[in-house]
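Participant: Below is the file upload-v5.cif, with mmCIF, C-alpha atoms and all ligand atoms; chains and numbers go by the auth columns.
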```cif
data_upload
#
loop_
_atom_site.group_PDB
_atom_site.id
_atom_site.type_symbol
_atom_site.label_atom_id
_atom_site.label_comp_id
_atom_site.label_asym_id
_atom_site.label_seq_id
_atom_site.Cartn_x
_atom_site.Cartn_y
_atom_site.Cartn_z
_atom_site.B_iso_or_equiv
_atom_site.auth_seq_id
_atom_site.auth_asym_id
ATOM 1 C CA MET A 1 -15.802 -10.278 0.119 0.00 1 W
ATOM 2 C CA GLN A 2 -12.662 -8.560 -1.178 0.00 2 W
ATOM 3 C CA PRO A 3 -13.196 -7.354 -4.755 0.00 3 W
ATOM 4 C CA SER A 4 -10.605 -7.090 -7.517 0.00 4 W
ATOM 5 C CA PHE A 5 -9.943 -3.798 -9.309 0.00 5 W
ATOM 6 C CA GLU A 6 -8.812 -2.790 -12.756 0.00 6 W
ATOM 7 C CA THR A 7 -7.277 0.588 -13.659 0.00 7 W
ATOM 8 C CA ASP A 8 -5.889 1.896 -16.952 0.00 8 W
ATOM 9 C CA ARG A 9 -2.594 0.052 -16.502 0.00 9 W
ATOM 10 C CA LEU A 10 -3.025 -2.232 -13.508 0.00 10 W
ATOM 11 C CA ILE A 11 -4.891 -5.192 -12.073 0.00 11 W
ATOM 12 C CA LEU A 12 -5.378 -5.491 -8.304 0.00 12 W
ATOM 13 C CA ARG A 13 -6.522 -8.800 -6.861 0.00 13 W
ATOM 14 C CA PRO A 14 -6.680 -10.104 -3.285 0.00 14 W
ATOM 15 C CA ARG A 15 -3.202 -11.133 -2.112 0.00 15 W
ATOM 16 C CA GLY A 16 -2.745 -14.855 -1.601 0.00 16 W
ATOM 17 C CA LEU A 17 -0.150 -17.382 -0.506 0.00 17 W
ATOM 18 C CA GLN A 18 1.101 -17.581 -4.075 0.00 18 W
ATOM 19 C CA ASP A 19 2.417 -14.011 -3.567 0.00 19 W
ATOM 20 C CA LEU A 20 4.402 -14.792 -0.387 0.00 20 W
ATOM 21 C CA ASP A 21 7.844 -15.215 -1.953 0.00 21 W
ATOM 22 C CA ALA A 22 7.412 -12.162 -4.174 0.00 22 W
ATOM 23 C CA CYS A 23 6.391 -10.081 -1.137 0.00 23 W
ATOM 24 C CA LEU A 24 9.451 -11.214 0.804 0.00 24 W
ATOM 25 C CA ALA A 25 11.719 -10.495 -2.165 0.00 25 W
ATOM 26 C CA MET A 26 10.211 -7.000 -2.532 0.00 26 W
ATOM 27 C CA ASP A 27 10.800 -6.221 1.143 0.00 27 W
ATOM 28 C CA ARG A 28 14.455 -7.252 0.807 0.00 28 W
ATOM 29 C CA GLN A 29 15.153 -4.830 -2.028 0.00 29 W
ATOM 30 C CA PRO A 30 17.187 -1.741 -1.063 0.00 30 W
ATOM 31 C CA GLY A 31 15.121 1.141 0.253 0.00 31 W
ATOM 32 C CA VAL A 32 11.766 -0.632 0.329 0.00 32 W
ATOM 33 C CA THR A 33 11.463 -0.796 4.127 0.00 33 W
ATOM 34 C CA LYS A 34 13.621 2.250 4.886 0.00 34 W
ATOM 35 C CA PHE A 35 10.734 4.200 6.441 0.00 35 W
ATOM 36 C CA ILE A 36 8.726 1.269 7.847 0.00 36 W
ATOM 37 C CA GLU A 37 9.112 -0.486 11.180 0.00 37 W
ATOM 38 C CA GLY A 38 9.066 -4.282 11.009 0.00 38 W
ATOM 39 C CA PRO A 39 11.049 -7.519 11.340 0.00 39 W
ATOM 40 C CA TRP A 40 12.734 -7.045 7.968 0.00 40 W
ATOM 41 C CA ASP A 41 16.273 -7.960 9.091 0.00 41 W
ATOM 42 C CA ASP A 42 15.320 -11.347 10.574 0.00 42 W
ATOM 43 C CA PRO A 43 14.393 -13.804 7.778 0.00 43 W
ATOM 44 C CA VAL A 44 12.374 -16.127 10.022 0.00 44 W
ATOM 45 C CA ARG A 45 10.359 -13.371 11.707 0.00 45 W
ATOM 46 C CA HIS A 46 9.941 -11.580 8.407 0.00 46 W
ATOM 47 C CA ARG A 47 8.419 -14.683 6.769 0.00 47 W
ATOM 48 C CA THR A 48 6.198 -15.347 9.796 0.00 48 W
ATOM 49 C CA PHE A 49 5.006 -11.730 9.747 0.00 49 W
ATOM 50 C CA VAL A 50 4.079 -11.699 6.054 0.00 50 W
ATOM 51 C CA LEU A 51 2.536 -15.182 6.234 0.00 51 W
ATOM 52 C CA ASP A 52 0.351 -14.050 9.120 0.00 52 W
ATOM 53 C CA ARG A 53 -0.700 -10.920 7.230 0.00 53 W
ATOM 54 C CA ILE A 54 -1.631 -13.062 4.197 0.00 54 W
ATOM 55 C CA THR A 55 -3.577 -15.739 6.053 0.00 55 W
ATOM 56 C CA ARG A 56 -5.368 -13.740 8.770 0.00 56 W
ATOM 57 C CA ALA A 57 -9.040 -12.853 8.383 0.00 57 W
ATOM 58 C CA TYR A 58 -9.851 -9.195 7.750 0.00 58 W
ATOM 59 C CA PRO A 59 -13.223 -7.462 8.041 0.00 59 W
ATOM 60 C CA PRO A 60 -15.388 -7.721 4.918 0.00 60 W
ATOM 61 C CA GLY A 61 -13.930 -5.825 1.973 0.00 61 W
ATOM 62 C CA GLN A 62 -10.577 -5.247 3.689 0.00 62 W
ATOM 63 C CA GLY A 63 -7.177 -6.865 3.239 0.00 63 W
ATOM 64 C CA TYR A 64 -4.228 -6.641 0.869 0.00 64 W
ATOM 65 C CA TRP A 65 -4.389 -6.371 -2.918 0.00 65 W
ATOM 66 C CA SER A 66 -1.475 -7.601 -5.053 0.00 66 W
ATOM 67 C CA ILE A 67 -0.710 -5.388 -8.037 0.00 67 W
ATOM 68 C CA PHE A 68 0.084 -6.537 -11.580 0.00 68 W
ATOM 69 C CA GLU A 69 0.649 -4.658 -14.815 0.00 69 W
ATOM 70 C CA LYS A 70 -1.849 -5.466 -17.535 0.00 70 W
ATOM 71 C CA ASP A 71 1.115 -5.572 -19.929 0.00 71 W
ATOM 72 C CA ASN A 72 2.976 -8.107 -17.772 0.00 72 W
ATOM 73 C CA PRO A 73 0.330 -9.807 -15.631 0.00 73 W
ATOM 74 C CA ASP A 74 2.524 -12.617 -14.284 0.00 74 W
ATOM 75 C CA ARG A 75 4.929 -10.338 -12.396 0.00 75 W
ATOM 76 C CA PHE A 76 3.970 -9.217 -8.868 0.00 76 W
ATOM 77 C CA ILE A 77 4.894 -5.540 -8.547 0.00 77 W
ATOM 78 C CA GLY A 78 3.572 -4.675 -5.069 0.00 78 W
ATOM 79 C CA TRP A 79 0.491 -4.295 -2.938 0.00 79 W
ATOM 80 C CA VAL A 80 -2.046 -1.891 -1.484 0.00 80 W
ATOM 81 C CA LEU A 81 -3.518 -2.587 1.946 0.00 81 W
ATOM 82 C CA LEU A 82 -6.719 -1.583 3.686 0.00 82 W
ATOM 83 C CA ILE A 83 -6.685 -3.058 7.169 0.00 83 W
ATOM 84 C CA PRO A 84 -7.829 -2.304 10.729 0.00 84 W
ATOM 85 C CA ASP A 85 -5.492 -0.213 12.860 0.00 85 W
ATOM 86 C CA ARG A 86 -6.860 0.088 16.396 0.00 86 W
ATOM 87 C CA ASP A 87 -10.087 2.134 16.043 0.00 87 W
ATOM 88 C CA ASP A 88 -9.243 3.162 12.484 0.00 88 W
ATOM 89 C CA VAL A 89 -8.757 1.588 9.073 0.00 89 W
ATOM 90 C CA GLU A 90 -5.401 2.166 7.462 0.00 90 W
ATOM 91 C CA ILE A 91 -4.489 2.354 3.778 0.00 91 W
ATOM 92 C CA GLY A 92 -0.923 1.648 2.643 0.00 92 W
ATOM 93 C CA TRP A 93 1.149 0.910 -0.452 0.00 93 W
ATOM 94 C CA ARG A 94 4.435 -0.767 -1.350 0.00 94 W
ATOM 95 C CA LEU A 95 5.968 -1.371 -4.784 0.00 95 W
ATOM 96 C CA ILE A 96 9.119 -2.990 -6.118 0.00 96 W
ATOM 97 C CA PRO A 97 11.703 -0.247 -6.819 0.00 97 W
ATOM 98 C CA ASP A 98 11.725 -1.137 -10.507 0.00 98 W
ATOM 99 C CA CYS A 99 8.174 0.240 -10.644 0.00 99 W
ATOM 100 C CA TRP A 100 8.648 3.471 -8.683 0.00 100 W
ATOM 101 C CA GLY A 101 8.260 6.745 -10.537 0.00 101 W
ATOM 102 C CA ARG A 102 5.560 5.599 -12.959 0.00 102 W
ATOM 103 C CA GLY A 103 2.484 6.709 -11.063 0.00 103 W
ATOM 104 C CA TYR A 104 1.556 3.101 -10.312 0.00 104 W
ATOM 105 C CA ALA A 105 1.226 3.500 -6.538 0.00 105 W
ATOM 106 C CA THR A 106 -1.205 6.374 -6.926 0.00 106 W
ATOM 107 C CA GLU A 107 -3.129 4.558 -9.653 0.00 107 W
ATOM 108 C CA ALA A 108 -3.420 1.453 -7.464 0.00 108 W
ATOM 109 C CA ALA A 109 -4.352 3.301 -4.274 0.00 109 W
ATOM 110 C CA ARG A 110 -7.196 5.301 -5.837 0.00 110 W
ATOM 111 C CA PRO A 111 -9.708 2.459 -6.333 0.00 111 W
ATOM 112 C CA VAL A 112 -8.927 1.042 -2.896 0.00 112 W
ATOM 113 C CA LEU A 113 -9.625 4.371 -1.199 0.00 113 W
ATOM 114 C CA ALA A 114 -12.796 4.836 -3.261 0.00 114 W
ATOM 115 C CA HIS A 115 -13.893 1.331 -2.286 0.00 115 W
ATOM 116 C CA ALA A 116 -13.241 2.121 1.387 0.00 116 W
ATOM 117 C CA LEU A 117 -15.214 5.347 1.371 0.00 117 W
ATOM 118 C CA SER A 118 -17.991 4.575 -1.117 0.00 118 W
ATOM 119 C CA THR A 119 -18.621 0.839 -0.942 0.00 119 W
ATOM 120 C CA LEU A 120 -17.588 0.065 2.630 0.00 120 W
ATOM 121 C CA GLU A 121 -18.808 3.506 3.756 0.00 121 W
ATOM 122 C CA LEU A 122 -15.959 3.887 6.239 0.00 122 W
ATOM 123 C CA SER A 123 -16.161 7.217 8.041 0.00 123 W
ATOM 124 C CA ARG A 124 -12.418 7.769 7.653 0.00 124 W
ATOM 125 C CA VAL A 125 -9.266 6.082 6.366 0.00 125 W
ATOM 126 C CA ILE A 126 -5.814 6.926 7.711 0.00 126 W
ATOM 127 C CA ALA A 127 -2.240 6.591 6.487 0.00 127 W
ATOM 128 C CA ASP A 128 0.660 6.974 8.918 0.00 128 W
ATOM 129 C CA ILE A 129 3.720 8.058 6.938 0.00 129 W
ATOM 130 C CA HIS A 130 7.302 8.819 7.959 0.00 130 W
ATOM 131 C CA PRO A 131 7.868 12.569 7.450 0.00 131 W
ATOM 132 C CA ASP A 132 10.894 11.905 5.211 0.00 132 W
ATOM 133 C CA ASN A 133 8.997 9.458 2.971 0.00 133 W
ATOM 134 C CA ALA A 134 8.312 11.960 0.205 0.00 134 W
ATOM 135 C CA GLY A 135 7.142 9.337 -2.290 0.00 135 W
ATOM 136 C CA SER A 136 4.491 8.026 0.065 0.00 136 W
ATOM 137 C CA ILE A 137 3.364 11.512 1.122 0.00 137 W
ATOM 138 C CA GLY A 138 3.002 12.266 -2.577 0.00 138 W
ATOM 139 C CA VAL A 139 0.720 9.259 -3.064 0.00 139 W
ATOM 140 C CA ALA A 140 -1.438 10.243 -0.063 0.00 140 W
ATOM 141 C CA GLU A 141 -1.797 13.811 -1.300 0.00 141 W
ATOM 142 C CA LYS A 142 -2.520 12.815 -4.906 0.00 142 W
ATOM 143 C CA ILE A 143 -5.373 10.532 -3.828 0.00 143 W
ATOM 144 C CA GLY A 144 -6.850 13.358 -1.752 0.00 144 W
ATOM 145 C CA MET A 145 -5.617 12.620 1.765 0.00 145 W
ATOM 146 C CA ARG A 146 -4.524 15.457 4.054 0.00 146 W
ATOM 147 C CA PRO A 147 -2.535 15.663 7.323 0.00 147 W
ATOM 148 C CA THR A 148 -4.668 15.522 10.454 0.00 148 W
ATOM 149 C CA GLY A 149 -2.098 17.338 12.537 0.00 149 W
ATOM 150 C CA GLU A 150 -1.554 14.148 14.570 0.00 150 W
ATOM 151 C CA ALA A 151 1.945 12.708 14.595 0.00 151 W
ATOM 152 C CA GLY A 152 3.954 10.073 16.393 0.00 152 W
ATOM 153 C CA ASP A 153 7.709 9.730 16.797 0.00 153 W
ATOM 154 C CA PHE A 154 8.036 8.226 13.321 0.00 154 W
ATOM 155 C CA TYR A 155 4.978 9.320 11.390 0.00 155 W
ATOM 156 C CA ILE A 156 2.602 12.028 10.254 0.00 156 W
ATOM 157 C CA ARG A 157 -1.038 10.941 10.044 0.00 157 W
ATOM 158 C CA TYR A 158 -2.947 11.525 6.805 0.00 158 W
ATOM 159 C CA VAL A 159 -6.706 11.082 6.523 0.00 159 W
ATOM 160 C CA ALA A 160 -9.541 10.886 4.006 0.00 160 W
ATOM 161 C CA PRO A 161 -12.122 12.180 3.488 0.00 161 W
ATOM 162 C CA VAL A 162 -10.969 15.698 4.301 0.00 162 W
HETATM 163 C C1 LIG B . 5.834 4.930 -1.566 0.00 201 W
HETATM 164 C C2 LIG B . 5.924 4.397 -2.979 0.00 201 W
HETATM 165 C C3 LIG B . 4.834 3.353 -3.200 0.00 201 W
HETATM 166 C C4 LIG B . 5.721 5.575 -3.941 0.00 201 W
HETATM 167 O O1 LIG B . 5.909 5.130 -5.256 0.00 201 W
HETATM 168 P P1 LIG B . 5.984 6.180 -6.457 0.00 201 W
HETATM 169 O O2 LIG B . 6.197 5.427 -7.686 0.00 201 W
HETATM 170 O O3 LIG B . 6.965 7.239 -6.087 0.00 201 W
HETATM 171 O O4 LIG B . 4.540 6.848 -6.403 0.00 201 W
HETATM 172 P P2 LIG B . 3.559 7.369 -7.525 0.00 201 W
HETATM 173 O O5 LIG B . 2.695 6.280 -8.011 0.00 201 W
HETATM 174 O O6 LIG B . 2.883 8.539 -6.915 0.00 201 W
HETATM 175 O O7 LIG B . 4.466 7.820 -8.736 0.00 201 W
HETATM 176 C C5 LIG B . 5.317 8.920 -8.571 0.00 201 W
HETATM 177 C C6 LIG B . 5.847 9.505 -9.840 0.00 201 W
HETATM 178 O O8 LIG B . 5.575 8.771 -11.002 0.00 201 W
HETATM 179 C C7 LIG B . 5.725 9.725 -12.096 0.00 201 W
HETATM 180 N N1 LIG B . 4.971 9.224 -13.251 0.00 201 W
HETATM 181 C C8 LIG B . 5.524 8.702 -14.359 0.00 201 W
HETATM 182 N N2 LIG B . 4.570 8.303 -15.214 0.00 201 W
HETATM 183 C C9 LIG B . 3.386 8.610 -14.646 0.00 201 W
HETATM 184 C C10 LIG B . 2.043 8.446 -15.056 0.00 201 W
HETATM 185 N N3 LIG B . 1.726 7.868 -16.228 0.00 201 W
HETATM 186 N N4 LIG B . 1.060 8.853 -14.229 0.00 201 W
HETATM 187 C C11 LIG B . 1.347 9.432 -13.059 0.00 201 W
HETATM 188 N N5 LIG B . 2.620 9.626 -12.622 0.00 201 W
HETATM 189 C C12 LIG B . 3.630 9.218 -13.411 0.00 201 W
HETATM 190 C C13 LIG B . 5.247 11.043 -11.582 0.00 201 W
HETATM 191 O O9 LIG B . 6.124 12.041 -11.992 0.00 201 W
HETATM 192 C C14 LIG B . 5.242 10.873 -10.083 0.00 201 W
HETATM 193 O O10 LIG B . 6.078 11.748 -9.416 0.00 201 W
HETATM 194 P P3 LIG B . 5.578 13.192 -8.904 0.00 201 W
HETATM 195 O O11 LIG B . 4.268 12.973 -8.208 0.00 201 W
HETATM 196 O O12 LIG B . 6.668 13.585 -7.984 0.00 201 W
HETATM 197 O O13 LIG B . 5.462 14.021 -10.097 0.00 201 W
HETATM 198 C C15 LIG B . 7.292 3.743 -3.238 0.00 201 W
HETATM 199 O O14 LIG B . 8.295 4.689 -3.054 0.00 201 W
HETATM 200 C C16 LIG B . 7.533 2.555 -2.335 0.00 201 W
HETATM 201 O O15 LIG B . 7.061 1.455 -2.556 0.00 201 W
HETATM 202 N N6 LIG B . 8.339 2.787 -1.240 0.00 201 W
HETATM 203 C C17 LIG B . 8.651 1.745 -0.309 0.00 201 W
HETATM 204 C C18 LIG B . 7.487 1.359 0.565 0.00 201 W
HETATM 205 C C19 LIG B . 6.919 2.542 1.327 0.00 201 W
HETATM 206 O O16 LIG B . 7.641 3.380 1.829 0.00 201 W
HETATM 207 N N7 LIG B . 5.594 2.561 1.421 0.00 201 W
HETATM 208 C C20 LIG B . 4.865 3.600 2.098 0.00 201 W
HETATM 209 C C21 LIG B . 4.910 3.442 3.554 0.00 201 W
HETATM 210 S S1 LIG B . 4.013 4.748 4.400 0.00 201 W
#
```
Show how you would write the structure in this file as structure tokens.
Facilitator:
Amino acid sequence: MQPSFETDRLILRPRGLQDLDACLAMDRQPGVTKFIEGPWDDPVRHRTFVLDRITRAYPPGQGYWSIFEKDNPDRFIGWVLLIPDRDDVEIGWRLIPDCWGRGYATEAARPVLAHALSTLELSRVIADIHPDNAGSIGVAEKIGMRPTGEAGDFYIRYVAPV
């Protein structure tokens, strides 16, 4: 069962098919996928990829959460994910550029990480972040994640708990 969350300014609820077009539109906005590998430049593969991510079954309590402002609850503004990644569980975040720089990503990621560690009792949660993606590194650090020292060609690995 994937719960919903409420923060001071935001509502997070499980992402559904009704969010598909808004997710695709977000990904097409300038800069949104700059630091993320994926089929973003091919409209057919992009749609297939997001559709698969929306409709696939995740382990209990995991998945994607769509984010909405309490002040404007009909507008999709992004998502937070908590999904399996090989032997780990990954947390991630993506917002429409119009909503960057307001602290929303950090505010949305906090309850998802707490849920992962406290409710699901996961032993660790990772985030693989491009070293130049300062905004995303900022979110990871503000929610209490720290670098593990592991890195790939295109990412630094962050982990919680530390
Ligand atoms: C990564 C991403 C989600 C970060 O978004 P963001 O808005 O920069 O992140 P935050 O929620 O931490 O907000 C940042 C700024 O909001 C500002 N802010 C304004 N009002 C605020 C408030 N009420 N509370 C907190 N911060 C506030 C802060 O100054 C903060 O900047 P600082 O930490 O440098 O001081 C966003 O850039 C994005 O969607 N990028 C594209 C997708 C992506 O790269 N995802 C990550 C892949 S690893």
Participant: Produce as a VMD selection string the set of residues near ligand LIG 201 (chain W), where near means within 7 Å with all atoms listed in the file considered.
Facilitator: chain W and resid 31 to 36 92 to 97 99 to 107 127 to 130 133 135 to 136 138 to 139
Participant: Name every residue that the PyMOL selection byres (((chain W and resi 79) around 10) and not hetatm) selects in this structure, writing the answer as a PDB file with C-alpha atoms, in the frame of the given file with chains first and numbers rising.
Facilitator:
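File produced: expr09.pdb:
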```pdb
ATOM      1  CA  LEU W  12      -5.378  -5.491  -8.304  1.00  0.00           C
ATOM      2  CA  ARG W  13      -6.522  -8.800  -6.861  1.00  0.00           C
ATOM      3  CA  PRO W  14      -6.680 -10.104  -3.285  1.00  0.00           C
ATOM      4  CA  ARG W  15      -3.202 -11.133  -2.112  1.00  0.00           C
ATOM      5  CA  ASP W  19       2.417 -14.011  -3.567  1.00  0.00           C
ATOM      6  CA  CYS W  23       6.391 -10.081  -1.137  1.00  0.00           C
ATOM      7  CA  TYR W  64      -4.228  -6.641   0.869  1.00  0.00           C
ATOM      8  CA  TRP W  65      -4.389  -6.371  -2.918  1.00  0.00           C
ATOM      9  CA  SER W  66      -1.475  -7.601  -5.053  1.00  0.00           C
ATOM     10  CA  ILE W  67      -0.710  -5.388  -8.037  1.00  0.00           C
ATOM     11  CA  PHE W  68       0.084  -6.537 -11.580  1.00  0.00           C
ATOM     12  CA  PHE W  76       3.970  -9.217  -8.868  1.00  0.00           C
ATOM     13  CA  ILE W  77       4.894  -5.540  -8.547  1.00  0.00           C
ATOM     14  CA  GLY W  78       3.572  -4.675  -5.069  1.00  0.00           C
ATOM     15  CA  VAL W  80      -2.046  -1.891  -1.484  1.00  0.00           C
ATOM     16  CA  LEU W  81      -3.518  -2.587   1.946  1.00  0.00           C
ATOM     17  CA  GLY W  92      -0.923   1.648   2.643  1.00  0.00           C
ATOM     18  CA  TRP W  93       1.149   0.910  -0.452  1.00  0.00           C
ATOM     19  CA  ARG W  94       4.435  -0.767  -1.350  1.00  0.00           C
ATOM     20  CA  LEU W  95       5.968  -1.371  -4.784  1.00  0.00           C
ATOM     21  CA  ILE W  96       9.119  -2.990  -6.118  1.00  0.00           C
ATOM     22  CA  ALA W 105       1.226   3.500  -6.538  1.00  0.00           C
ATOM     23  CA  ALA W 108      -3.420   1.453  -7.464  1.00  0.00           C
ATOM     24  CA  ALA W 109      -4.352   3.301  -4.274  1.00  0.00           C
TER      25      ALA W 109
END
```
Participant: As a count of residues only, please: the residues near Gly63 in chain W (cut-off 7 Å, all atoms listed in the file, same-chain neighbours under 5 positions excluded).
Facilitator: 4
Participant: In Å, how far is it from CA of Phe5 in chain W to CA of Glu121 in chain W?
Facilitator: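 So the two atoms, CA of Phe5 in chain W and CA of Glu121 in chain W, lie 17.4 Å apart.
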Participant: If I take CA of Val162 in chain W and CA of Pro84 in chain W, how far is one from the other in Å, to one decimal?
Facilitator: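 Interatomic distance, CA of Val162 in chain W to CA of Pro84 in chain W: 19.4 Å.
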Participant: Which is closer to Gly61 in chain W than all the others in W:Ala151, W:Arg9, W:Gln2, W:Ala160, using only C-alpha atoms?
Facilitator: W:Gln2
Participant: Go through W:Val159, W:Ile126, W:Thr119, W:Lys70 one by one, measure the shortest atom-to-atom distance of each to Val89 in chain W using all atoms listed in the file, and give the residue with the smallest value.
Facilitator: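 Selected residue with least distance to Val89 in chain W: W:Ile126.
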Participant: So which one's closest to Asp88 in chain W, W:Arg146, W:Arg157, W:Arg56, W:Arg28? Using all atoms listed in the file, please.
Facilitator: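 Counting all atoms listed in the file, the residue closest to Asp88 in chain W is W:Arg157.
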Participant: Give me the box for range 143-153 of chain W as AutoDock Vina command-line options, namely the centre and edge lengths in Å to one decimal of a box along x, y and z that holds every listed atom plus 5 Å on each side.
Facilitator:
```
--center_x 0.4 --center_y 13.5 --center_z 6.5 --size_x 24.6 --size_y 17.6 --size_z 30.6
```
Participant: Counting all atoms listed in the file, which of W:Gly38, W:Ser4, W:Gly152, W:Leu51 gets nearest to Asp21 in chain W?
Facilitator: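 Checking each candidate against Asp21 in chain W, we get W:Leu51 as the closest.
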Participant: Hey, which of W:Leu117, W:Ala134, W:Ile143, W:Ala57 ends up closest to Met1 in chain W? Count all atoms listed in the file.
Facilitator: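 Checking each candidate against Met1 in chain W, we get W:Ala57 as the closest.
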Participant: State, in Å with one decimal place, the distance from CA of Leu17 in chain W to CA of Arg47 in chain W.
Facilitator: 11.6 Å
Participant: Determine the nearest neighbour of Pro73 in chain W from the options W:Ala22, W:Val44, W:Leu10, W:Leu113, counting only C-alpha atoms.
Facilitator: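 Looking at the shortest contact to Pro73 in chain W, the residue is W:Leu10.
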